[in-house]
>>> print(open('upload.cif').read())   # mmCIF, C-alpha atoms; chains and numbers go by the auth columns
data_structure
loop_
_atom_site.group_PDB
_atom_site.id
_atom_site.type_symbol
_atom_site.label_atom_id
_atom_site.label_comp_id
_atom_site.label_asym_id
_atom_site.label_seq_id
_atom_site.Cartn_x
_atom_site.Cartn_y
_atom_site.Cartn_z
_atom_site.B_iso_or_equiv
_atom_site.auth_seq_id
_atom_site.auth_asym_id
ATOM 1 C CA ALA A 1 -2.670 6.587 21.977 0.00 1 A
ATOM 2 C CA GLU A 2 -5.262 4.502 20.097 0.00 2 A
ATOM 3 C CA TYR A 3 -4.132 5.956 16.777 0.00 3 A
ATOM 4 C CA GLU A 4 -0.498 5.164 17.518 0.00 4 A
ATOM 5 C CA ALA A 5 -1.395 1.615 18.575 0.00 5 A
ATOM 6 C CA PHE A 6 -3.302 1.199 15.311 0.00 6 A
ATOM 7 C CA LEU A 7 -0.253 2.291 13.293 0.00 7 A
ATOM 8 C CA ARG A 8 2.088 -0.006 15.187 0.00 8 A
ATOM 9 C CA GLY A 9 -0.243 -2.887 14.455 0.00 9 A
ATOM 10 C CA LEU A 10 -0.180 -2.119 10.729 0.00 10 A
ATOM 11 C CA GLY A 11 3.572 -2.471 10.369 0.00 11 A
ATOM 12 C CA THR A 12 7.056 -1.593 11.564 0.00 12 A
ATOM 13 C CA TYR A 13 8.701 1.818 11.688 0.00 13 A
ATOM 14 C CA ARG A 14 11.946 2.152 9.766 0.00 14 A
ATOM 15 C CA THR A 15 14.319 5.054 9.242 0.00 15 A
ATOM 16 C CA LEU A 16 14.114 5.889 5.538 0.00 16 A
ATOM 17 C CA ALA A 17 17.807 6.754 5.260 0.00 17 A
ATOM 18 C CA ASP A 18 18.668 3.236 6.456 0.00 18 A
ATOM 19 C CA CYS A 19 16.449 1.441 3.919 0.00 19 A
ATOM 20 C CA SER A 20 18.382 -0.586 1.348 0.00 20 A
ATOM 21 C CA ASP A 21 17.427 -0.981 -2.299 0.00 21 A
ATOM 22 C CA VAL A 22 15.560 -4.233 -1.633 0.00 22 A
ATOM 23 C CA ILE A 23 13.069 -2.467 0.645 0.00 23 A
ATOM 24 C CA PHE A 24 10.158 -0.989 -1.288 0.00 24 A
ATOM 25 C CA THR A 25 9.724 2.634 -0.161 0.00 25 A
ATOM 26 C CA GLY A 26 7.192 3.742 -2.788 0.00 26 A
ATOM 27 C CA GLY A 27 9.373 6.652 -3.887 0.00 27 A
ATOM 28 C CA LEU A 28 9.828 8.175 -0.426 0.00 28 A
ATOM 29 C CA ASP A 29 13.093 10.083 -0.140 0.00 29 A
ATOM 30 C CA ARG A 30 15.837 7.947 1.433 0.00 30 A
ATOM 31 C CA SER A 31 18.534 10.620 1.298 0.00 31 A
ATOM 32 C CA PRO A 32 19.878 12.397 4.408 0.00 32 A
ATOM 33 C CA LEU A 33 17.714 15.388 3.429 0.00 33 A
ATOM 34 C CA CYS A 34 14.608 13.534 4.692 0.00 34 A
ATOM 35 C CA ARG A 35 12.278 15.390 2.335 0.00 35 A
ATOM 36 C CA ASP A 36 9.437 12.988 3.125 0.00 36 A
ATOM 37 C CA GLY A 37 10.121 12.554 6.831 0.00 37 A
ATOM 38 C CA GLN A 38 12.642 10.536 8.780 0.00 38 A
ATOM 39 C CA MET A 39 10.494 7.452 9.384 0.00 39 A
ATOM 40 C CA ALA A 40 8.001 5.410 7.404 0.00 40 A
ATOM 41 C CA LEU A 41 5.737 2.469 8.167 0.00 41 A
ATOM 42 C CA PHE A 42 6.420 -0.870 6.452 0.00 42 A
ATOM 43 C CA TRP A 43 4.994 -4.384 6.442 0.00 43 A
ATOM 44 C CA ARG A 44 6.142 -7.512 4.650 0.00 44 A
ATOM 45 C CA ASN A 45 5.712 -11.255 4.418 0.00 45 A
ATOM 46 C CA ARG A 46 7.321 -13.742 2.051 0.00 46 A
ATOM 47 C CA LEU A 47 5.290 -12.532 -0.928 0.00 47 A
ATOM 48 C CA VAL A 48 4.316 -8.914 -0.266 0.00 48 A
ATOM 49 C CA GLN A 49 6.026 -5.706 0.741 0.00 49 A
ATOM 50 C CA CYS A 50 3.946 -2.670 1.710 0.00 50 A
ATOM 51 C CA VAL A 51 4.787 0.896 2.567 0.00 51 A
ATOM 52 C CA PHE A 52 2.099 3.062 4.156 0.00 52 A
ATOM 53 C CA PHE A 53 2.129 6.772 3.335 0.00 53 A
ATOM 54 C CA VAL A 54 1.282 8.147 6.784 0.00 54 A
ATOM 55 C CA GLY A 55 0.575 11.868 6.754 0.00 55 A
ATOM 56 C CA THR A 56 1.595 12.372 10.378 0.00 56 A
ATOM 57 C CA LEU A 57 5.037 10.884 9.664 0.00 57 A
ATOM 58 C CA MET A 58 5.726 13.015 6.599 0.00 58 A
ATOM 59 C CA THR A 59 7.358 16.437 6.633 0.00 59 A
ATOM 60 C CA ASN A 60 5.022 19.433 6.571 0.00 60 A
ATOM 61 C CA ASP A 61 5.544 21.861 3.683 0.00 61 A
ATOM 62 C CA ALA A 62 5.736 25.587 4.287 0.00 62 A
ATOM 63 C CA GLY A 63 2.515 26.209 2.350 0.00 63 A
ATOM 64 C CA VAL A 64 -1.016 25.280 3.353 0.00 64 A
ATOM 65 C CA GLU A 65 -1.468 23.054 0.292 0.00 65 A
ATOM 66 C CA GLN A 66 0.975 20.384 1.554 0.00 66 A
ATOM 67 C CA VAL A 67 1.881 19.501 -2.028 0.00 67 A
ATOM 68 C CA ASN A 68 4.551 16.969 -1.110 0.00 68 A
ATOM 69 C CA LYS A 69 2.184 14.900 1.031 0.00 69 A
ATOM 70 C CA LYS A 70 -0.503 15.028 -1.652 0.00 70 A
ATOM 71 C CA ARG A 71 2.051 13.819 -4.202 0.00 71 A
ATOM 72 C CA PHE A 72 2.082 10.464 -2.411 0.00 72 A
ATOM 73 C CA ILE A 73 -1.212 10.169 -0.556 0.00 73 A
ATOM 74 C CA GLY A 74 -3.299 11.804 -3.267 0.00 74 A
ATOM 75 C CA ASN A 75 -2.084 9.399 -5.941 0.00 75 A
ATOM 76 C CA THR A 76 -2.949 6.178 -4.131 0.00 76 A
ATOM 77 C CA TYR A 77 -6.127 4.255 -4.921 0.00 77 A
ATOM 78 C CA VAL A 78 -6.766 3.116 -1.336 0.00 78 A
ATOM 79 C CA LYS A 79 -6.761 5.447 1.653 0.00 79 A
ATOM 80 C CA VAL A 80 -7.378 4.999 5.373 0.00 80 A
ATOM 81 C CA ILE A 81 -9.047 7.729 7.410 0.00 81 A
ATOM 82 C CA TYR A 82 -8.717 7.462 11.188 0.00 82 A
ATOM 83 C CA SER A 83 -11.532 9.593 12.591 0.00 83 A
ATOM 84 C CA ASP A 84 -12.531 10.408 16.159 0.00 84 A
ATOM 85 C CA SER A 85 -15.577 12.264 14.866 0.00 85 A
ATOM 86 C CA GLN A 86 -19.027 10.762 15.199 0.00 86 A
ATOM 87 C CA GLN A 87 -20.084 12.389 11.923 0.00 87 A
ATOM 88 C CA PRO A 88 -20.354 10.105 8.861 0.00 88 A
ATOM 89 C CA PHE A 89 -17.596 10.360 6.280 0.00 89 A
ATOM 90 C CA ALA A 90 -18.413 10.539 2.563 0.00 90 A
ATOM 91 C CA LEU A 91 -16.183 9.509 -0.313 0.00 91 A
ATOM 92 C CA SER A 92 -16.904 12.873 -1.908 0.00 92 A
ATOM 93 C CA SER A 93 -15.205 14.606 1.033 0.00 93 A
ATOM 94 C CA LEU A 94 -11.845 13.909 -0.628 0.00 94 A
ATOM 95 C CA SER A 95 -10.809 15.749 -3.762 0.00 95 A
ATOM 96 C CA GLY A 96 -8.926 14.027 -6.558 0.00 96 A
ATOM 97 C CA GLN A 97 -9.513 11.321 -9.140 0.00 97 A
ATOM 98 C CA PHE A 98 -7.748 8.419 -7.409 0.00 98 A
ATOM 99 C CA ASN A 99 -10.002 7.983 -4.383 0.00 99 A
ATOM 100 C CA LEU A 100 -11.371 4.601 -5.370 0.00 100 A
ATOM 101 C CA VAL A 101 -11.477 3.007 -1.908 0.00 101 A
ATOM 102 C CA VAL A 102 -11.486 4.682 1.512 0.00 102 A
ATOM 103 C CA VAL A 103 -11.368 2.690 4.734 0.00 103 A
ATOM 104 C CA VAL A 104 -12.717 4.719 7.659 0.00 104 A
ATOM 105 C CA VAL A 105 -11.583 3.632 11.122 0.00 105 A
ATOM 106 C CA ALA A 106 -13.454 5.138 14.073 0.00 106 A
ATOM 107 C CA PRO A 107 -13.179 4.226 17.768 0.00 107 A
ATOM 108 C CA THR A 108 -16.492 3.412 19.459 0.00 108 A
ATOM 109 C CA THR A 109 -15.698 1.995 22.878 0.00 109 A
ATOM 110 C CA ARG A 110 -12.477 1.126 24.637 0.00 110 A
ATOM 111 C CA ASP A 111 -12.061 -2.196 22.905 0.00 111 A
ATOM 112 C CA PHE A 112 -14.017 -1.879 19.629 0.00 112 A
ATOM 113 C CA PHE A 113 -13.709 0.123 16.413 0.00 113 A
ATOM 114 C CA ARG A 114 -16.093 0.741 13.539 0.00 114 A
ATOM 115 C CA VAL A 115 -14.518 -0.017 10.157 0.00 115 A
ATOM 116 C CA THR A 116 -16.374 1.265 7.092 0.00 116 A
ATOM 117 C CA VAL A 117 -15.289 0.588 3.518 0.00 117 A
ATOM 118 C CA LEU A 118 -16.339 3.247 0.982 0.00 118 A
ATOM 119 C CA ARG A 119 -15.722 2.555 -2.688 0.00 119 A
ATOM 120 C CA ALA A 120 -16.340 4.159 -6.039 0.00 120 A
ATOM 121 C CA PRO A 121 -19.162 2.577 -8.097 0.00 121 A
ATOM 122 C CA GLU A 122 -16.728 0.956 -10.538 0.00 122 A
ATOM 123 C CA VAL A 123 -14.820 -0.871 -7.796 0.00 123 A
ATOM 124 C CA LYS A 124 -16.062 -4.331 -6.870 0.00 124 A
ATOM 125 C CA LEU A 125 -16.349 -5.317 -3.227 0.00 125 A
ATOM 126 C CA ALA A 126 -13.113 -6.876 -1.959 0.00 126 A
ATOM 127 C CA GLY A 127 -12.418 -8.598 1.325 0.00 127 A
ATOM 128 C CA PRO A 128 -15.209 -8.898 3.915 0.00 128 A
ATOM 129 C CA ARG A 129 -18.699 -8.944 2.450 0.00 129 A
ATOM 130 C CA MET A 130 -19.892 -6.229 4.834 0.00 130 A
ATOM 131 C CA THR A 131 -19.137 -2.564 4.217 0.00 131 A
ATOM 132 C CA THR A 132 -19.383 -1.670 7.927 0.00 132 A
ATOM 133 C CA MET A 133 -18.007 -3.841 10.719 0.00 133 A
ATOM 134 C CA LEU A 134 -17.530 -3.607 14.459 0.00 134 A
ATOM 135 C CA VAL A 135 -14.022 -4.909 15.069 0.00 135 A
ATOM 136 C CA PRO A 136 -12.255 -5.709 18.355 0.00 136 A
ATOM 137 C CA LYS A 137 -9.098 -3.726 19.008 0.00 137 A
ATOM 138 C CA LYS A 138 -6.821 -6.775 18.886 0.00 138 A
ATOM 139 C CA SER A 139 -7.942 -7.573 15.306 0.00 139 A
ATOM 140 C CA LEU A 140 -8.198 -4.022 13.946 0.00 140 A
ATOM 141 C CA SER A 141 -4.807 -3.493 12.301 0.00 141 A
ATOM 142 C CA THR A 142 -4.655 -6.976 10.787 0.00 142 A
ATOM 143 C CA LEU A 143 -8.124 -6.643 9.246 0.00 143 A
ATOM 144 C CA VAL A 144 -7.520 -3.139 7.877 0.00 144 A
ATOM 145 C CA ARG A 145 -4.200 -4.162 6.337 0.00 145 A
ATOM 146 C CA ARG A 146 -5.832 -7.156 4.648 0.00 146 A
ATOM 147 C CA ILE A 147 -8.640 -4.969 3.304 0.00 147 A
ATOM 148 C CA MET A 148 -6.117 -2.459 1.961 0.00 148 A
ATOM 149 C CA ILE A 149 -4.072 -5.084 0.113 0.00 149 A
ATOM 150 C CA ASP A 150 -7.139 -6.696 -1.466 0.00 150 A
ATOM 151 C CA ALA A 151 -8.748 -3.355 -2.262 0.00 151 A
ATOM 152 C CA ASP A 152 -5.598 -2.062 -3.939 0.00 152 A
ATOM 153 C CA ILE A 153 -5.654 -4.980 -6.392 0.00 153 A
ATOM 154 C CA THR A 154 -9.382 -4.533 -7.024 0.00 154 A
ATOM 155 C CA ALA A 155 -8.940 -0.788 -7.553 0.00 155 A
ATOM 156 C CA MET A 156 -6.111 -1.316 -10.041 0.00 156 A
ATOM 157 C CA ILE A 157 -8.299 -3.717 -12.005 0.00 157 A
ATOM 158 C CA ALA A 158 -11.155 -1.180 -11.933 0.00 158 A
ATOM 159 C CA ARG A 159 -8.842 1.534 -13.207 0.00 159 A
ATOM 160 C CA ASN A 160 -6.868 -0.446 -15.811 0.00 160 A
ATOM 161 C CA GLY A 161 -9.211 -3.308 -16.676 0.00 161 A
ATOM 162 C CA GLU A 162 -8.521 -6.977 -16.070 0.00 162 A
ATOM 163 C CA LEU A 163 -6.366 -7.232 -19.189 0.00 163 A
ATOM 164 C CA GLY A 164 -4.332 -4.191 -18.160 0.00 164 A
ATOM 165 C CA TYR A 165 -3.651 -5.410 -14.638 0.00 165 A
ATOM 166 C CA SER A 166 -0.411 -7.227 -13.849 0.00 166 A
ATOM 167 C CA SER A 167 0.553 -8.665 -10.491 0.00 167 A
ATOM 168 C CA ASN A 168 4.019 -8.059 -9.041 0.00 168 A
ATOM 169 C CA TRP A 169 5.036 -11.533 -10.157 0.00 169 A
ATOM 170 C CA GLN A 170 3.924 -10.859 -13.725 0.00 170 A
ATOM 171 C CA GLU A 171 5.756 -7.530 -13.782 0.00 171 A
ATOM 172 C CA ARG A 172 8.932 -9.215 -12.540 0.00 172 A
ATOM 173 C CA LEU A 173 8.620 -11.885 -15.218 0.00 173 A
ATOM 174 C CA LYS A 174 8.299 -9.150 -17.853 0.00 174 A
ATOM 175 C CA HIS A 175 11.508 -7.534 -16.586 0.00 175 A
ATOM 176 C CA VAL A 176 13.338 -10.868 -16.566 0.00 176 A
ATOM 177 C CA ARG A 177 12.322 -11.479 -20.167 0.00 177 A
ATOM 178 C CA GLN A 178 13.427 -7.978 -21.123 0.00 178 A
ATOM 179 C CA ILE A 179 16.841 -8.711 -19.584 0.00 179 A
ATOM 180 C CA GLN A 180 16.989 -11.965 -21.530 0.00 180 A
ATOM 181 C CA ARG A 181 16.288 -10.248 -24.828 0.00 181 A
ATOM 182 C CA ARG A 182 18.695 -7.402 -24.126 0.00 182 A
ATOM 183 C CA TYR A 183 21.723 -9.161 -22.693 0.00 183 A
ATOM 184 C CA ILE A 184 21.528 -12.866 -23.604 0.00 184 A
ATOM 185 C CA PRO A 185 22.119 -13.634 -27.292 0.00 185 A
ATOM 186 C CA GLY A 186 19.391 -15.783 -28.795 0.00 186 A
ATOM 187 C CA ALA A 187 17.126 -15.534 -25.751 0.00 187 A
ATOM 188 C CA ALA A 188 14.265 -14.274 -27.908 0.00 188 A
ATOM 189 C CA THR A 189 14.357 -17.454 -30.024 0.00 189 A
ATOM 190 C CA PRO A 190 11.347 -19.610 -28.950 0.00 190 A
ATOM 191 C CA ALA A 191 13.209 -22.891 -29.586 0.00 191 A
ATOM 192 C CA LYS A 192 15.942 -22.006 -27.117 0.00 192 A
ATOM 193 C CA LYS A 193 15.083 -22.239 -23.431 0.00 193 A
ATOM 194 C CA ILE A 194 17.193 -20.364 -20.932 0.00 194 A
ATOM 195 C CA LYS A 195 16.954 -20.985 -17.220 0.00 195 A
ATOM 196 C CA LEU A 196 17.582 -18.058 -14.900 0.00 196 A
ATOM 197 C CA GLU A 197 18.113 -18.519 -11.201 0.00 197 A
ATOM 198 C CA CYS A 198 16.115 -15.717 -9.595 0.00 198 A
ATOM 199 C CA ASP A 199 15.364 -15.098 -5.965 0.00 199 A
ATOM 200 C CA PHE A 200 12.135 -13.106 -5.768 0.00 200 A
ATOM 201 C CA GLU A 201 11.662 -13.421 -2.017 0.00 201 A
ATOM 202 C CA PRO A 202 11.889 -9.971 -0.406 0.00 202 A
ATOM 203 C CA LYS A 203 14.868 -9.585 1.865 0.00 203 A
ATOM 204 C CA VAL A 204 15.334 -7.071 4.633 0.00 204 A
#
>>> encode(input="upload.cif", output="structure tokens")
Amino acid sequence: AEYEAFLRGLGTYRTLADCSDVIFTGGLDRSPLCRDGQMALFWRNRLVQCVFFVGTLMTNDAGVEQVNKKRFIGNTYVKVIYSDSQQPFALSSLSGQFNLVVVVVAPTTRDFFRVTVLRAPEVKLAGPRMTTMLVPKKSLSTLVRRIMIDADITAMIARNGELGYSSNWQERLKHVRQIQRRYIPGAATPAKKIKLECDFEPKV
């Protein structure tokens, strides 16, 4: 029950087959075959769209390796572990080369949770200045989501370098300029300015 409440606080459940092209699904299968599960967890505001790869929502493979789940979860820089165990969790417990930040959420009492942020040495601290916090239940999902968004940016910078990192806005600008050069004659000429009306606000 606590785990489910935590998930519902992170975002909103949506049926993948009903997601339109403007909803970022992170590559999850939206076809009627439901290869990656029927539902996924999403969150958005005016500037950001997030999809959470939740293992318990994804389809189980026939084999013990669960390759399809690992294809998504294993290739993300930031992971959240919800643990009822009282044993400490180590970053080295996860295999793979993309485990740069792990946020461990553990219930302590009825109304409080322990949130611990584990990070690889090359990743700078993002978000709260403490690596372990005691968080009230009502603030848990909001705090963890904020940590995940900030940590994802920090992890990408750690992996690609500051010069190699581009925000979503910068990537969109690159694509707009590519469209200009490809389809608008003379758009590549510096002396000629072309104004494009673009609506970048996510729509659902």
>>> atom_distance(input="upload.cif", atom1="atom CA of A:Ala120", atom2="atom CA of A:Ser85")
22.4 Å
>>> atom_distance(input="upload.cif", atom1="atom CA of A:Ser141", atom2="atom CA of A:Pro128")
14.4 Å
>>> residues_around(input="upload.cif", residues="A:Gln86", least_positions_apart="3", cutoff="12 Å", atoms="only C-alpha atoms", output="NGL selection string")
:A and (82-83 or 89 or 104-108 or 113-114)
>>> resolve_selection(input="upload.cif", expression="the PyMOL selection byres ((chain A and resi 42) around 10)", output="JSON, numbers by chain")
{"A": [8, 10, 11, 12, 13, 14, 23, 24, 25, 39, 40, 41, 43, 44, 49, 50, 51, 52, 53]}
>>> atom_distance(input="upload.cif", atom1="atom CA of A:Tyr77", atom2="atom CA of A:Thr15")
24.9 Å
>>> residues_near_point(input="upload.cif", point="(-4.9, 9.2, -2.2)", cutoff="12 Å", atoms="only C-alpha atoms", output="list in words")
Phe52, Phe53, Val54, Gly55, Lys69, Lys70, Arg71, Phe72, Ile73, Gly74, Asn75, Thr76, Tyr77, Val78, Lys79, Val80, Ile81, Leu91, Leu94, Ser95, Gly96, Gln97, Phe98, Asn99, Leu100, Val101, Val102, Val103 and Asp152 of chain A
>>> closest_residue(input="upload.cif", among="A:Gly37, A:Val123, A:Leu7, A:Arg146", to="A:Gly161", atoms="only C-alpha atoms")
A:Val123
>>> axis_aligned_box(input="upload.cif", around="stretch 90-103 of chain A", padding_each_side="5 Å", output="JSON")
{"center_x": -13.1, "center_y": 9.2, "center_z": -2.2, "size_x": 20.7, "size_y": 23.1, "size_z": 23.9}
>>> resolve_selection(input="upload.cif", expression="the PyMOL selection byres ((chain A and resi 38) around 9)", output="MDAnalysis selection string")
chainID A and resid 14:17 29:30 32:37 39:40 57:59
>>> write_last_selection(input="upload.cif", atoms="C-alpha atoms", output="PDB file, in the frame of the given file")
ATOM      1  CA  ARG A  14      11.946   2.152   9.766  1.00  0.00           C
ATOM      2  CA  THR A  15      14.319   5.054   9.242  1.00  0.00           C
ATOM      3  CA  LEU A  16      14.114   5.889   5.538  1.00  0.00           C
ATOM      4  CA  ALA A  17      17.807   6.754   5.260  1.00  0.00           C
ATOM      5  CA  ASP A  29      13.093  10.083  -0.140  1.00  0.00           C
ATOM      6  CA  ARG A  30      15.837   7.947   1.433  1.00  0.00           C
ATOM      7  CA  PRO A  32      19.878  12.397   4.408  1.00  0.00           C
ATOM      8  CA  LEU A  33      17.714  15.388   3.429  1.00  0.00           C
ATOM      9  CA  CYS A  34      14.608  13.534   4.692  1.00  0.00           C
ATOM     10  CA  ARG A  35      12.278  15.390   2.335  1.00  0.00           C
ATOM     11  CA  ASP A  36       9.437  12.988   3.125  1.00  0.00           C
ATOM     12  CA  GLY A  37      10.121  12.554   6.831  1.00  0.00           C
ATOM     13  CA  MET A  39      10.494   7.452   9.384  1.00  0.00           C
ATOM     14  CA  ALA A  40       8.001   5.410   7.404  1.00  0.00           C
ATOM     15  CA  LEU A  57       5.037  10.884   9.664  1.00  0.00           C
ATOM     16  CA  MET A  58       5.726  13.015   6.599  1.00  0.00           C
ATOM     17  CA  THR A  59       7.358  16.437   6.633  1.00  0.00           C
TER      18      THR A  59
END
>>> closest_residue(input="upload.cif", among="A:Arg182, A:Arg172, A:Arg159, A:Arg177", to="A:Lys124", atoms="all atoms listed in the file")
A:Arg159
>>> closest_residue(input="upload.cif", among="A:Ile184, A:Val67, A:Val117, A:Ala1", to="A:Met148", atoms="all atoms listed in the file")
A:Val117
>>> build_atoms(input="upload.cif", residues="stretch 132-158 of chain A", atoms="N, CA and C atoms", output="JSON list (two decimals), in the coordinates of the input")
[["chain", "number", "residue", "atom", "x", "y", "z"],
["A", 132, "THR", "N", -19.61, -2.23, 6.60],
["A", 132, "THR", "CA", -19.38, -1.67, 7.93],
["A", 132, "THR", "C", -19.29, -2.80, 8.94],
["A", 133, "MET", "N", -18.25, -2.76, 9.75],
["A", 133, "MET", "CA", -18.01, -3.84, 10.72],
["A", 133, "MET", "C", -17.63, -3.25, 12.07],
["A", 134, "LEU", "N", -17.98, -3.94, 13.12],
["A", 134, "LEU", "CA", -17.53, -3.61, 14.46],
["A", 134, "LEU", "C", -16.42, -4.60, 14.80],
["A", 135, "VAL", "N", -15.21, -4.07, 14.99],
["A", 135, "VAL", "CA", -14.02, -4.91, 15.07],
["A", 135, "VAL", "C", -13.35, -4.74, 16.43],
["A", 136, "PRO", "N", -12.99, -5.83, 17.09],
["A", 136, "PRO", "CA", -12.26, -5.71, 18.36],
["A", 136, "PRO", "C", -10.87, -5.12, 18.13],
["A", 137, "LYS", "N", -10.38, -4.43, 19.11],
["A", 137, "LYS", "CA", -9.10, -3.73, 19.01],
["A", 137, "LYS", "C", -7.96, -4.66, 18.60],
["A", 138, "LYS", "N", -7.94, -5.86, 19.14],
["A", 138, "LYS", "CA", -6.82, -6.78, 18.89],
["A", 138, "LYS", "C", -6.76, -7.23, 17.43],
["A", 139, "SER", "N", -7.89, -7.13, 16.70],
["A", 139, "SER", "CA", -7.94, -7.57, 15.31],
["A", 139, "SER", "C", -7.94, -6.42, 14.31],
["A", 140, "LEU", "N", -7.97, -5.19, 14.81],
["A", 140, "LEU", "CA", -8.20, -4.02, 13.95],
["A", 140, "LEU", "C", -7.12, -3.87, 12.87],
["A", 141, "SER", "N", -5.88, -3.77, 13.26],
["A", 141, "SER", "CA", -4.81, -3.49, 12.30],
["A", 141, "SER", "C", -4.67, -4.60, 11.27],
["A", 142, "THR", "N", -4.78, -5.84, 11.71],
["A", 142, "THR", "CA", -4.66, -6.98, 10.79],
["A", 142, "THR", "C", -5.76, -6.95, 9.74],
["A", 143, "LEU", "N", -7.00, -6.69, 10.18],
["A", 143, "LEU", "CA", -8.12, -6.64, 9.25],
["A", 143, "LEU", "C", -7.98, -5.50, 8.26],
["A", 144, "VAL", "N", -7.64, -4.30, 8.75],
["A", 144, "VAL", "CA", -7.52, -3.14, 7.88],
["A", 144, "VAL", "C", -6.40, -3.34, 6.86],
["A", 145, "ARG", "N", -5.30, -3.90, 7.28],
["A", 145, "ARG", "CA", -4.20, -4.16, 6.34],
["A", 145, "ARG", "C", -4.63, -5.14, 5.25],
["A", 146, "ARG", "N", -5.36, -6.18, 5.63],
["A", 146, "ARG", "CA", -5.83, -7.16, 4.65],
["A", 146, "ARG", "C", -6.80, -6.51, 3.66],
["A", 147, "ILE", "N", -7.70, -5.67, 4.18],
["A", 147, "ILE", "CA", -8.64, -4.97, 3.30],
["A", 147, "ILE", "C", -7.88, -4.08, 2.33],
["A", 148, "MET", "N", -6.87, -3.37, 2.81],
["A", 148, "MET", "CA", -6.12, -2.46, 1.96],
["A", 148, "MET", "C", -5.41, -3.20, 0.83],
["A", 149, "ILE", "N", -4.78, -4.33, 1.13],
["A", 149, "ILE", "CA", -4.07, -5.08, 0.11],
["A", 149, "ILE", "C", -5.03, -5.60, -0.95],
["A", 150, "ASP", "N", -6.15, -6.18, -0.52],
["A", 150, "ASP", "CA", -7.14, -6.70, -1.47],
["A", 150, "ASP", "C", -7.78, -5.57, -2.27],
["A", 151, "ALA", "N", -8.09, -4.47, -1.59],
["A", 151, "ALA", "CA", -8.75, -3.36, -2.26],
["A", 151, "ALA", "C", -7.83, -2.70, -3.27],
["A", 152, "ASP", "N", -6.54, -2.66, -3.00],
["A", 152, "ASP", "CA", -5.60, -2.06, -3.94],
["A", 152, "ASP", "C", -5.58, -2.83, -5.26],
["A", 153, "ILE", "N", -5.61, -4.15, -5.18],
["A", 153, "ILE", "CA", -5.65, -4.98, -6.39],
["A", 153, "ILE", "C", -6.97, -4.75, -7.15],
["A", 154, "THR", "N", -8.07, -4.75, -6.40],
["A", 154, "THR", "CA", -9.38, -4.53, -7.02],
["A", 154, "THR", "C", -9.47, -3.16, -7.67],
["A", 155, "ALA", "N", -8.91, -2.15, -7.01],
["A", 155, "ALA", "CA", -8.94, -0.79, -7.55],
["A", 155, "ALA", "C", -8.09, -0.68, -8.82],
["A", 156, "MET", "N", -6.95, -1.35, -8.84],
["A", 156, "MET", "CA", -6.11, -1.32, -10.04],
["A", 156, "MET", "C", -6.82, -1.98, -11.22],
["A", 157, "ILE", "N", -7.54, -3.06, -10.94],
["A", 157, "ILE", "CA", -8.30, -3.72, -12.00],
["A", 157, "ILE", "C", -9.42, -2.80, -12.50],
["A", 158, "ALA", "N", -10.08, -2.11, -11.55],
["A", 158, "ALA", "CA", -11.16, -1.18, -11.93],
["A", 158, "ALA", "C", -10.62, -0.04, -12.78]]
